[in-house]
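Here is the file upload_3.csv (CSV, C-alpha atoms and all ligand atoms).
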chain,number,residue,atom,x,y,z
A,91,MET,CA,-27.8,-22.6,-81.7
A,92,VAL,CA,-26.1,-25.3,-79.7
A,93,SER,CA,-25.2,-27.8,-82.3
A,94,ARG,CA,-26.3,-31.4,-82.1
A,95,ARG,CA,-22.7,-32.4,-82.4
A,96,ASN,CA,-21.8,-30.5,-79.3
A,97,TRP,CA,-24.7,-31.9,-77.4
A,98,MET,CA,-23.8,-35.4,-78.4
A,99,THR,CA,-20.2,-34.8,-77.5
A,100,SER,CA,-21.2,-33.6,-74.1
A,101,VAL,CA,-23.3,-36.6,-73.4
A,102,ALA,CA,-20.6,-38.9,-74.6
A,103,ALA,CA,-18.2,-37.1,-72.3
A,104,LEU,CA,-20.2,-37.9,-69.2
A,105,PRO,CA,-18.3,-39.8,-66.6
A,106,ALA,CA,-19.5,-43.4,-66.2
A,107,ALA,CA,-20.4,-42.8,-62.6
A,108,ALA,CA,-22.8,-40.0,-63.6
A,109,GLN,CA,-24.6,-42.3,-66.0
A,110,ALA,CA,-25.1,-45.0,-63.4
A,111,GLN,CA,-28.6,-46.0,-62.5
A,112,PRO,CA,-30.0,-44.5,-59.3
A,113,ALA,CA,-28.8,-46.5,-56.3
A,114,VAL,CA,-31.5,-48.2,-54.3
A,115,LYS,CA,-30.2,-47.1,-50.9
A,116,PRO,CA,-28.5,-43.8,-50.1
A,117,LYS,CA,-24.8,-44.0,-49.4
A,118,ASN,CA,-22.1,-41.7,-48.2
A,119,ILE,CA,-20.9,-39.5,-51.1
A,120,VAL,CA,-19.2,-36.2,-51.5
A,121,ILE,CA,-18.6,-34.2,-54.6
A,122,SER,CA,-16.8,-30.8,-55.1
A,123,SER,CA,-15.1,-28.5,-57.6
A,124,SER,CA,-11.7,-29.7,-58.8
A,125,ASN,CA,-9.8,-28.0,-56.0
A,126,GLY,CA,-11.6,-30.2,-53.5
A,127,VAL,CA,-9.8,-33.5,-53.6
A,128,GLU,CA,-8.6,-33.2,-50.0
A,129,CYS,CA,-11.9,-31.5,-49.1
A,130,CYS,CA,-13.8,-34.5,-50.2
A,131,ASN,CA,-11.4,-36.9,-48.4
A,132,ILE,CA,-12.0,-34.9,-45.1
A,133,ALA,CA,-15.8,-34.6,-45.6
A,134,MET,CA,-16.0,-38.3,-46.3
A,135,SER,CA,-14.1,-39.2,-43.1
A,136,TRP,CA,-16.6,-37.1,-41.2
A,137,LEU,CA,-19.5,-38.8,-42.8
A,138,ARG,CA,-18.0,-42.2,-42.0
A,139,ALA,CA,-17.6,-41.1,-38.4
A,140,GLY,CA,-21.4,-40.5,-38.4
A,141,LYS,CA,-21.2,-36.7,-38.3
A,142,ASP,CA,-23.8,-34.4,-39.8
A,143,THR,CA,-23.6,-33.7,-43.5
A,144,LEU,CA,-23.2,-30.0,-42.8
A,145,ASP,CA,-20.3,-30.6,-40.3
A,146,ALA,CA,-18.7,-32.7,-43.0
A,147,VAL,CA,-18.8,-30.2,-45.9
A,148,ILE,CA,-17.7,-27.4,-43.7
A,149,ALA,CA,-14.8,-29.4,-42.3
A,150,GLY,CA,-14.0,-30.2,-46.0
A,151,VAL,CA,-14.0,-26.7,-47.3
A,152,ASN,CA,-12.1,-25.4,-44.3
A,153,VAL,CA,-9.0,-27.2,-45.8
A,154,ASN,CA,-9.2,-24.8,-48.8
A,155,GLU,CA,-10.2,-21.7,-46.7
A,156,LEU,CA,-7.2,-22.1,-44.5
A,157,ASP,CA,-4.8,-23.1,-47.3
A,158,PRO,CA,-2.6,-20.0,-48.1
A,159,ASN,CA,-1.8,-21.5,-51.5
A,160,ASP,CA,-5.4,-21.8,-52.6
A,161,ASN,CA,-5.7,-18.2,-54.0
A,162,SER,CA,-9.4,-18.5,-54.7
A,163,VAL,CA,-10.8,-19.2,-51.3
A,164,GLY,CA,-10.4,-17.8,-47.7
A,165,TYR,CA,-6.9,-17.0,-46.4
A,166,GLY,CA,-4.5,-16.2,-49.3
A,167,GLY,CA,-7.4,-15.5,-51.7
A,168,LEU,CA,-6.7,-12.8,-54.2
A,169,PRO,CA,-8.0,-9.4,-53.1
A,170,ASN,CA,-10.3,-6.7,-54.5
A,171,GLU,CA,-9.0,-3.7,-56.5
A,172,GLU,CA,-8.0,-2.0,-53.3
A,173,GLY,CA,-5.9,-4.9,-52.1
A,174,ILE,CA,-8.4,-6.1,-49.5
A,175,VAL,CA,-9.6,-9.7,-49.4
A,176,GLU,CA,-13.4,-10.0,-49.4
A,177,LEU,CA,-15.0,-13.4,-49.0
A,178,ASP,CA,-18.4,-14.8,-49.9
A,179,ALA,CA,-19.8,-18.1,-48.5
A,180,CYS,CA,-23.1,-19.9,-47.9
A,181,VAL,CA,-24.3,-23.2,-46.4
A,182,MET,CA,-27.6,-25.1,-46.7
A,183,HIS,CA,-28.6,-27.9,-44.3
A,184,GLY,CA,-31.0,-30.4,-45.9
A,185,PRO,CA,-32.6,-32.0,-42.8
A,186,THR,CA,-33.6,-28.7,-41.2
A,187,ARG,CA,-34.1,-26.9,-44.6
A,188,ARG,CA,-32.2,-23.9,-43.3
A,189,ALA,CA,-29.6,-21.7,-44.9
A,190,GLY,CA,-27.0,-19.1,-43.9
A,191,SER,CA,-24.7,-16.8,-45.9
A,192,VAL,CA,-22.1,-14.0,-45.6
A,193,ALA,CA,-21.1,-11.7,-48.4
A,194,SER,CA,-18.1,-9.4,-48.8
A,195,ILE,CA,-16.8,-10.3,-45.3
A,196,ARG,CA,-13.3,-9.2,-44.5
A,197,GLY,CA,-10.8,-10.4,-42.0
A,198,ILE,CA,-12.2,-13.9,-41.3
A,199,LYS,CA,-10.4,-16.9,-42.7
A,200,THR,CA,-13.3,-19.3,-42.6
A,201,PRO,CA,-16.5,-17.6,-43.8
A,202,SER,CA,-18.2,-20.9,-44.2
A,203,LYS,CA,-18.3,-21.1,-40.4
A,204,ILE,CA,-19.8,-17.6,-40.1
A,205,ALA,CA,-22.4,-18.5,-42.7
A,206,ARG,CA,-23.3,-21.5,-40.5
A,207,LEU,CA,-23.5,-19.2,-37.4
A,208,VAL,CA,-25.9,-16.9,-39.3
A,209,MET,CA,-28.0,-19.9,-40.0
A,210,GLU,CA,-28.0,-21.3,-36.5
A,211,GLU,CA,-27.8,-18.2,-34.3
A,212,THR,CA,-29.9,-15.6,-36.0
A,213,ASP,CA,-33.3,-15.1,-37.5
A,214,HIS,CA,-31.6,-14.0,-40.8
A,215,ILE,CA,-30.1,-15.8,-43.7
A,216,MET,CA,-27.6,-13.3,-45.1
A,217,LEU,CA,-25.2,-10.8,-43.6
A,218,ALA,CA,-22.9,-8.6,-45.6
A,219,GLY,CA,-19.8,-6.5,-45.3
A,220,GLU,CA,-19.2,-4.6,-42.1
A,221,GLY,CA,-22.2,-6.2,-40.4
A,222,ALA,CA,-21.0,-9.7,-41.2
A,223,LEU,CA,-17.6,-9.0,-39.7
A,224,ARG,CA,-19.1,-7.4,-36.6
A,225,PHE,CA,-21.3,-10.5,-36.2
A,226,ALA,CA,-18.3,-12.8,-36.6
A,227,LYS,CA,-16.4,-10.8,-33.9
A,228,THR,CA,-19.5,-11.0,-31.6
A,229,MET,CA,-19.4,-14.8,-32.1
A,230,GLY,CA,-15.7,-14.9,-30.9
A,231,TYR,CA,-13.8,-14.7,-34.2
A,232,ALA,CA,-10.7,-12.5,-34.3
A,233,GLU,CA,-10.2,-10.2,-37.3
A,234,GLU,CA,-7.0,-11.2,-39.2
A,235,ASN,CA,-5.1,-10.1,-42.2
A,236,LEU,CA,-6.0,-12.5,-45.1
A,237,LEU,CA,-3.3,-11.3,-47.5
A,238,THR,CA,-0.3,-13.6,-47.8
A,239,GLU,CA,3.0,-12.3,-49.1
A,240,LYS,CA,2.2,-14.2,-52.3
A,241,SER,CA,-1.3,-12.6,-52.8
A,242,ARG,CA,0.1,-9.2,-51.9
A,243,LEU,CA,2.8,-9.6,-54.6
A,244,ALA,CA,0.1,-10.6,-57.1
A,245,PHE,CA,-1.9,-7.5,-56.2
A,246,LEU,CA,1.2,-5.2,-56.8
A,247,VAL,CA,1.9,-7.0,-60.0
A,248,TRP,CA,-1.7,-6.5,-61.1
A,249,LYS,CA,-1.5,-2.8,-60.3
A,250,ARG,CA,1.7,-2.4,-62.3
A,251,THR,CA,0.6,-4.6,-65.2
A,252,MET,CA,-2.8,-3.2,-65.7
A,253,LYS,CA,-1.8,0.3,-66.7
A,254,ASP,CA,-3.0,1.9,-63.5
A,255,SER,CA,-1.3,5.3,-63.9
A,256,ASN,CA,-1.2,5.8,-60.2
A,257,TRP,CA,1.2,2.9,-60.0
A,258,SER,CA,2.9,2.4,-63.3
A,259,ASP,CA,4.0,4.4,-66.3
A,260,GLY,CA,3.5,7.7,-64.5
A,261,VAL,CA,6.1,10.4,-64.5
A,262,ASP,CA,7.6,9.2,-61.2
A,263,ALA,CA,6.2,5.7,-61.0
A,264,PRO,CA,8.2,2.8,-62.3
A,265,PRO,CA,7.3,1.2,-65.7
A,266,GLY,CA,6.2,-2.3,-65.3
A,267,LYS,CA,4.2,-4.2,-67.9
A,268,SER,CA,6.3,-7.2,-68.9
A,269,PRO,CA,7.4,-10.1,-66.8
A,270,LYS,CA,11.0,-8.9,-67.4
A,271,ALA,CA,10.3,-5.5,-66.0
A,272,LEU,CA,8.6,-7.2,-63.1
A,273,LEU,CA,11.8,-9.1,-62.3
A,274,ARG,CA,13.5,-5.8,-61.9
A,275,LEU,CA,10.7,-4.3,-59.8
A,276,PHE,CA,10.5,-7.3,-57.5
A,277,PRO,CA,14.0,-8.5,-57.1
A,278,GLU,CA,13.1,-10.4,-53.9
A,279,ALA,CA,10.5,-12.6,-55.8
A,280,ASP,CA,11.5,-15.7,-57.7
A,281,GLU,CA,10.8,-16.0,-61.4
A,282,GLN,CA,8.1,-18.7,-61.0
A,283,THR,CA,6.1,-16.7,-58.5
A,284,LEU,CA,6.3,-13.6,-60.7
A,285,ALA,CA,5.2,-15.6,-63.8
A,286,TRP,CA,2.2,-16.8,-61.8
A,287,ALA,CA,1.4,-13.3,-60.5
A,288,HIS,CA,1.7,-11.9,-64.1
A,289,GLU,CA,-0.8,-14.6,-65.3
A,290,MET,CA,-3.2,-13.7,-62.4
A,291,ALA,CA,-3.0,-10.0,-63.5
A,292,VAL,CA,-3.5,-10.5,-67.2
A,293,ARG,CA,-6.3,-13.1,-66.7
A,294,PRO,CA,-8.0,-12.3,-63.5
A,295,PRO,CA,-8.9,-15.7,-62.1
A,296,THR,CA,-12.1,-16.9,-60.6
A,297,GLY,CA,-12.1,-19.9,-58.3
A,298,THR,CA,-14.2,-21.2,-55.4
A,299,ILE,CA,-15.0,-24.4,-53.7
A,300,ASN,CA,-18.4,-25.9,-53.8
A,301,CYS,CA,-19.0,-29.1,-51.8
A,302,LEU,CA,-22.1,-31.3,-51.6
A,303,ALA,CA,-22.6,-34.3,-49.4
A,304,LEU,CA,-25.1,-37.1,-49.0
A,305,ASN,CA,-25.0,-39.6,-46.1
A,306,GLU,CA,-26.3,-43.2,-45.6
A,307,LYS,CA,-29.5,-41.8,-44.0
A,308,GLY,CA,-30.3,-39.8,-47.2
A,309,GLU,CA,-29.5,-36.5,-45.5
A,310,MET,CA,-27.8,-33.8,-47.6
A,311,SER,CA,-26.0,-30.5,-47.1
A,312,GLY,CA,-23.8,-28.1,-49.2
A,313,CYS,CA,-21.4,-25.3,-48.9
A,314,THR,CA,-19.9,-22.8,-51.3
A,315,THR,CA,-17.0,-20.5,-50.3
A,316,THR,CA,-14.8,-18.1,-52.2
A,317,SER,CA,-12.7,-15.0,-52.4
A,318,GLY,CA,-14.6,-14.3,-55.6
A,319,LEU,CA,-13.3,-12.6,-58.7
A,320,ALA,CA,-9.7,-11.2,-58.3
A,321,TRP,CA,-9.4,-7.4,-58.4
A,322,LYS,CA,-13.2,-6.9,-58.2
A,323,ILE,CA,-14.7,-3.6,-57.2
A,324,PRO,CA,-15.0,-3.5,-53.4
A,325,GLY,CA,-18.5,-4.7,-52.5
A,326,ARG,CA,-18.9,-6.9,-55.6
A,327,VAL,CA,-20.9,-10.0,-54.6
A,328,GLY,CA,-20.7,-13.0,-56.8
A,329,ASP,CA,-23.0,-16.0,-56.9
A,330,SER,CA,-21.3,-18.0,-54.2
A,331,PRO,CA,-23.2,-16.6,-51.2
A,332,ILE,CA,-26.5,-16.4,-53.0
A,333,ILE,CA,-28.9,-19.2,-52.1
A,334,GLY,CA,-30.3,-20.6,-55.3
A,335,ALA,CA,-27.3,-19.5,-57.4
A,336,GLY,CA,-24.0,-20.7,-55.8
A,337,LEU,CA,-25.8,-23.4,-53.8
A,338,TYR,CA,-29.1,-25.0,-53.4
A,339,VAL,CA,-30.1,-28.0,-51.4
A,340,ASP,CA,-33.6,-29.6,-51.3
A,341,GLN,CA,-33.7,-32.6,-48.9
A,342,GLU,CA,-36.4,-34.2,-51.0
A,343,VAL,CA,-34.6,-33.9,-54.3
A,344,GLY,CA,-30.9,-33.2,-54.2
A,345,ALA,CA,-28.3,-30.5,-54.2
A,346,ALA,CA,-26.4,-28.4,-56.7
A,347,GLY,CA,-23.7,-25.8,-56.7
A,348,SER,CA,-21.5,-23.7,-59.0
A,349,THR,CA,-18.0,-22.2,-59.5
A,350,GLY,CA,-16.9,-19.9,-62.3
A,351,ARG,CA,-18.1,-16.5,-63.4
A,352,GLY,CA,-20.8,-15.7,-60.8
A,353,GLU,CA,-22.5,-13.0,-62.8
A,354,GLU,CA,-23.6,-15.7,-65.4
A,355,ASN,CA,-24.8,-18.0,-62.7
A,356,ILE,CA,-26.9,-15.4,-60.9
A,357,ARG,CA,-28.7,-14.7,-64.1
A,358,VAL,CA,-29.9,-18.3,-64.5
A,359,ALA,CA,-30.2,-19.0,-60.7
A,360,GLY,CA,-28.1,-22.0,-61.6
A,361,ALA,CA,-28.2,-24.2,-58.4
A,362,HIS,CA,-32.0,-23.8,-58.0
A,363,THR,CA,-32.6,-24.4,-61.6
A,364,ILE,CA,-30.7,-27.6,-61.5
A,365,VAL,CA,-32.5,-28.9,-58.4
A,366,GLU,CA,-35.8,-28.0,-60.0
A,367,ASN,CA,-34.8,-29.8,-63.2
A,368,MET,CA,-34.1,-32.9,-61.1
A,369,ARG,CA,-37.4,-32.5,-59.2
A,370,HIS,CA,-39.1,-32.6,-62.6
A,371,GLY,CA,-37.4,-35.8,-63.6
A,372,MET,CA,-34.2,-34.8,-65.3
A,373,SER,CA,-31.1,-36.8,-64.5
A,374,PRO,CA,-28.3,-34.9,-62.8
A,375,PRO,CA,-26.2,-34.7,-66.0
A,376,ASP,CA,-29.2,-33.5,-68.0
A,377,ALA,CA,-30.2,-31.0,-65.3
A,378,VAL,CA,-26.6,-29.6,-65.3
A,379,MET,CA,-26.5,-29.4,-69.1
A,380,ASP,CA,-29.8,-27.5,-69.2
A,381,ALA,CA,-28.4,-24.9,-66.8
A,382,LEU,CA,-25.3,-24.5,-69.0
A,383,LYS,CA,-27.6,-24.1,-72.1
A,384,ARG,CA,-29.4,-21.3,-70.3
A,385,VAL,CA,-26.1,-19.5,-69.7
A,386,SER,CA,-25.1,-20.0,-73.4
A,387,ARG,CA,-28.5,-18.8,-74.6
A,388,ASN,CA,-28.0,-15.6,-72.7
A,389,TYR,CA,-25.3,-14.8,-75.2
A,390,ASP,CA,-27.3,-16.2,-78.2
A,391,ASN,CA,-24.8,-19.1,-78.2
A,392,ASP,CA,-22.2,-16.7,-79.6
A,393,LEU,CA,-19.0,-18.6,-78.9
A,394,LYS,CA,-16.8,-15.6,-79.3
A,395,ARG,CA,-18.4,-13.9,-76.3
A,396,LEU,CA,-18.8,-17.1,-74.4
A,397,ASP,CA,-15.1,-17.7,-74.8
A,398,LYS,CA,-14.4,-14.9,-72.3
A,399,PHE,CA,-15.5,-16.9,-69.3
A,400,ASP,CA,-16.3,-20.4,-68.0
A,401,ILE,CA,-18.8,-21.7,-65.5
A,402,ASN,CA,-19.2,-25.1,-63.8
A,403,PHE,CA,-22.1,-26.8,-62.2
A,404,TYR,CA,-22.2,-29.7,-59.8
A,405,ALA,CA,-25.3,-31.8,-58.9
A,406,LEU,CA,-25.9,-34.6,-56.4
A,407,ARG,CA,-29.3,-36.3,-56.4
A,408,LYS,CA,-30.8,-37.7,-53.2
A,409,ASP,CA,-30.1,-41.3,-54.5
A,410,GLY,CA,-26.4,-40.7,-54.9
A,411,VAL,CA,-26.3,-40.1,-58.7
A,412,PHE,CA,-24.1,-37.1,-59.5
A,413,ALA,CA,-22.8,-34.9,-62.3
A,414,GLY,CA,-20.3,-32.2,-63.0
A,415,GLY,CA,-20.6,-30.0,-66.1
A,416,SER,CA,-18.8,-27.0,-67.6
A,417,LEU,CA,-19.6,-24.5,-70.3
A,418,TRP,CA,-16.3,-25.4,-72.0
A,419,ASN,CA,-14.3,-28.6,-72.1
A,420,GLY,CA,-11.3,-26.9,-70.6
A,421,GLN,CA,-8.7,-24.4,-71.6
A,422,PHE,CA,-5.4,-24.2,-73.6
A,423,ARG,CA,-2.4,-23.5,-71.3
A,424,GLY,CA,0.9,-23.1,-73.0
A,425,ALA,CA,1.4,-26.0,-75.3
A,426,GLY,CA,-1.1,-28.2,-73.5
A,427,PHE,CA,-4.8,-28.4,-72.8
A,428,VAL,CA,-6.3,-28.7,-69.3
A,429,SER,CA,-9.7,-30.3,-69.2
A,430,ARG,CA,-12.4,-29.4,-66.7
A,431,LYS,CA,-12.7,-31.8,-63.7
A,432,PHE,CA,-14.6,-32.2,-60.6
A,433,ALA,CA,-13.8,-34.2,-57.4
A,434,VAL,CA,-15.8,-37.2,-56.0
A,435,ASN,CA,-15.4,-39.4,-53.0
A,436,ASP,CA,-17.8,-42.3,-52.9
A,437,GLY,CA,-16.4,-43.8,-49.7
A,438,THR,CA,-14.3,-46.5,-51.5
A,439,GLY,CA,-10.9,-44.8,-51.0
A,440,ASN,CA,-9.3,-41.5,-51.9
A,441,SER,CA,-11.2,-38.8,-53.9
A,442,ARG,CA,-10.9,-39.0,-57.7
A,443,LEU,CA,-11.1,-36.3,-60.3
A,444,LEU,CA,-13.5,-37.0,-63.1
A,445,ASP,CA,-14.0,-35.1,-66.4
A,446,CYS,CA,-16.8,-32.7,-66.5
A,447,ALA,CA,-19.4,-33.0,-69.2
A,448,TYR,CA,-19.4,-29.9,-71.3
A,449,LEU,CA,-21.5,-27.8,-73.7
A,450,HIS,CA,-18.8,-26.3,-76.0
A,451,GLU,CA,-15.3,-27.2,-77.2
A,452,ARG,CA,-12.7,-24.5,-76.9
A,453,PRO,CA,-11.4,-23.4,-80.3
A,454,ARG,CA,-7.6,-23.6,-80.6
A,455,PRO,CA,-6.1,-20.2,-79.9
B,1,LIG,N1,-18.2,-17.9,-58.6
B,1,LIG,C1,-17.2,-17.1,-58.0
B,1,LIG,C2,-17.6,-15.7,-58.1
B,1,LIG,O1,-18.1,-15.3,-59.2
B,1,LIG,C3,-15.9,-17.2,-58.5
B,1,LIG,C4,-15.5,-18.6,-59.0
B,1,LIG,O2,-16.1,-19.6,-58.7
B,1,LIG,O3,-14.5,-18.7,-59.8
B,1,LIG,O4,-17.4,-14.9,-57.2

The structure in this file should be written as structure tokens.
Ligand code: ASP
Amino acid sequence: MVSRRNWMTSVAALPAAAQAQPAVKPKNIVISSSNGVECCNIAMSWLRAGKDTLDAVIAGVNVNELDPNDNSVGYGGLPNEEGIVELDACVMHGPTRRAGSVASIRGIKTPSKIARLVMEETDHIMLAGEGALRFAKTMGYAEENLLTEKSRLAFLVWKRTMKDSNWSDGVDAPPGKSPKALLRLFPEADEQTLAWAHEMAVRPPTGTINCLALNEKGEMSGCTTTSGLAWKIPGRVGDSPIIGAGLYVDQEVGAAGSTGRGEENIRVAGAHTIVENMRHGMSPPDAVMDALKRVSRNYDNDLKRLDKFDINFYALRKDGVFAGGSLWNGQFRGAGFVSRKFAVNDGTGNSRLLDCAYLHERPRP
């Protein structure tokens, strides 16, 4: 059972902004996952310029999609188990109540833009794999190599660290499990990059950007885009492109999105659940916490099993009240502890990172 203490802790941990009373009049506001500080800045500048909320969120997430150093989204994202980058993305436009999505698309740096084209130019909502790429090409996009040198190195390190006998510890293949051995195997790479690549191999990261926006007219849109789980089986689709899981927007109620282990989110239809919770009167923080409890309940609240993953939800109500919440309060890294955050830009300046509310406290390793 979720202990009362945890529940109380979570509520106490809610950022002040999320506890604020509903605003009387809608205002420009953008929220995103913690990697979206710049994304929220850009999206806010588009809202201030009077652009549509969907234009704003797509312009925002494009920053991450095109950033070779964001290895969880778009160009530079970590590849699948065959070394090929496969991306998932979806968009929802509140005013027209329309949605578009692409799954397992290869070779396109900005899948959010293709998801939007699916929404605007076709009679479908979701295109996957080869068909999604062909559609993107038809719409004038060039196929590109999405692997950077850094993500290619991480892939090779993963191959050699993860006991893949085709690549390491074979009769002829070089041994290569420890960071030290990696230094010998990749003499051209610096120590810091190799340490990062080793960490990515040992703990396959998830990562994504979800961005939700509200403007002064009360219009809302959202976008979620990702390279998904690193080293996944080719064709694996996470929650990010699934309308109702990675993203849901209802112009009458609000919007919600998710990052983290997609399999858990799909099982609770997280974004839709949160929007429905808000429709039935829950505050955004309560709506998010309820979705997290559903995830936890799927493992009978067994903290040992839940410890293997994390998941985050974000909610923005039509009146501007918002919340970010995580299954865990954060994670121990080295000697320190990194708490879970989400990004907000309320139009008063640069985006800020706020602490997520959380359901469980990570035990010390
Ligand atoms: N939700 C994404 C997926 O499962 C990954 C993530 O957000 O970390 O594909």

So which one's closest to ligand LIG 1 (chain B), A:Ala179, A:Ala405, A:Leu396, A:Leu156? Using all atoms listed in the file, please.
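Result for the nearest residue to ligand LIG 1 (chain B): A:Ala179.
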
What's the 8 Å shell around Ile132 (chain A), counting only C-alpha atoms, without same-chain residues fewer than 4 positions away, as a PyMOL selection string?
chain A and resi 128+136+146+149-150

Could you tell me, counting only C-alpha atoms and all ligand atoms, which protein and nucleic acid residues lie no more than 6 Å from ligand LIG 1 (chain B), written as a VMD selection string?
chain A and resid 296 to 298 318 to 319 328 to 330 349 to 352

Counting only C-alpha atoms, the option among A:Gly420, A:Trp248, A:Arg326, A:Leu275 closest to Gly219 (chain A):
A:Arg326

Counting only C-alpha atoms, which of A:Gly190, A:Gly415, A:Gly424, A:Gly437 gets nearest to His450 (chain A)?
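Smallest distance to His450 (chain A) is found for A:Gly415.
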
Please tabulate, as a tab-separated table, the residues of region 185-300 of chain A that come within 10 Å of region 308-311 of chain A, each with its closest pair of atoms and the distance in Å to one decimal, counting all atoms listed in the file and ordering rows by chain, then residue number upward.
residue	atom	partner	partner_atom	distance
A:Pro185	CA	A:Glu309	CA	6.1
A:Thr186	CA	A:Ser311	CA	9.8
A:Arg187	CA	A:Ser311	CA	9.2
A:Arg188	CA	A:Ser311	CA	9.8
A:Ala189	CA	A:Ser311	CA	9.8

Which residues come within 8 Å of Ala433 (chain A), counting only C-alpha atoms, excluding same-chain residues fewer than 5 positions away, as a tab-separated table (two decimals) with C-alpha atoms, in the coordinates of the input?
chain	number	residue	atom	x	y	z
A	121	ILE	CA	-18.60	-34.20	-54.60
A	122	SER	CA	-16.80	-30.80	-55.10
A	123	SER	CA	-15.10	-28.50	-57.60
A	124	SER	CA	-11.70	-29.70	-58.80
A	125	ASN	CA	-9.80	-28.00	-56.00
A	126	GLY	CA	-11.60	-30.20	-53.50
A	127	VAL	CA	-9.80	-33.50	-53.60
A	130	CYS	CA	-13.80	-34.50	-50.20
A	441	SER	CA	-11.20	-38.80	-53.90
A	442	ARG	CA	-10.90	-39.00	-57.70
A	443	LEU	CA	-11.10	-36.30	-60.30
A	444	LEU	CA	-13.50	-37.00	-63.10

Atom-to-atom span, CA of Ala361 (chain A) and CA of Gly334 (chain A), Å:
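Those two atoms sit 5.2 Å apart.
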
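Picture a line from CA of Met290 (chain A) to CA of Ser162 (chain A); it runs 11.0 Å.
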
Shortest contact to Pro158 (chain A), candidates A:Arg357, A:Lys199, A:His214, A:Lys322, atoms counted all atoms listed in the file, goes to A:Lys199

With distances taken over only C-alpha atoms, which residue among A:Asn300, A:Gly325, A:Ala291, A:Met134 lies nearest Ile174 (chain A)?
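Residue with the minimum atom-to-atom distance to Ile174 (chain A): A:Gly325.
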
What are the closest atom pairs, with distances in Å to one decimal, for all residues of region 160-254 of chain A lying within 12 Å of region 280-285 of chain A? Consider only C-alpha atoms, order rows by chain and residue number, and present the result as a Markdown table.
| residue | atom | partner | partner_atom | distance |
| --- | --- | --- | --- | --- |
| A:Glu239 | CA | A:Thr283 | CA | 10.8 |
| A:Lys240 | CA | A:Thr283 | CA | 7.7 |
| A:Ser241 | CA | A:Thr283 | CA | 10.2 |
| A:Arg242 | CA | A:Leu284 | CA | 11.6 |
| A:Leu243 | CA | A:Leu284 | CA | 8.1 |
| A:Ala244 | CA | A:Leu284 | CA | 7.8 |
| A:Phe245 | CA | A:Leu284 | CA | 11.2 |
| A:Leu246 | CA | A:Leu284 | CA | 10.6 |
| A:Val247 | CA | A:Leu284 | CA | 8.0 |
| A:Trp248 | CA | A:Leu284 | CA | 10.7 |
| A:Thr251 | CA | A:Leu284 | CA | 11.6 |
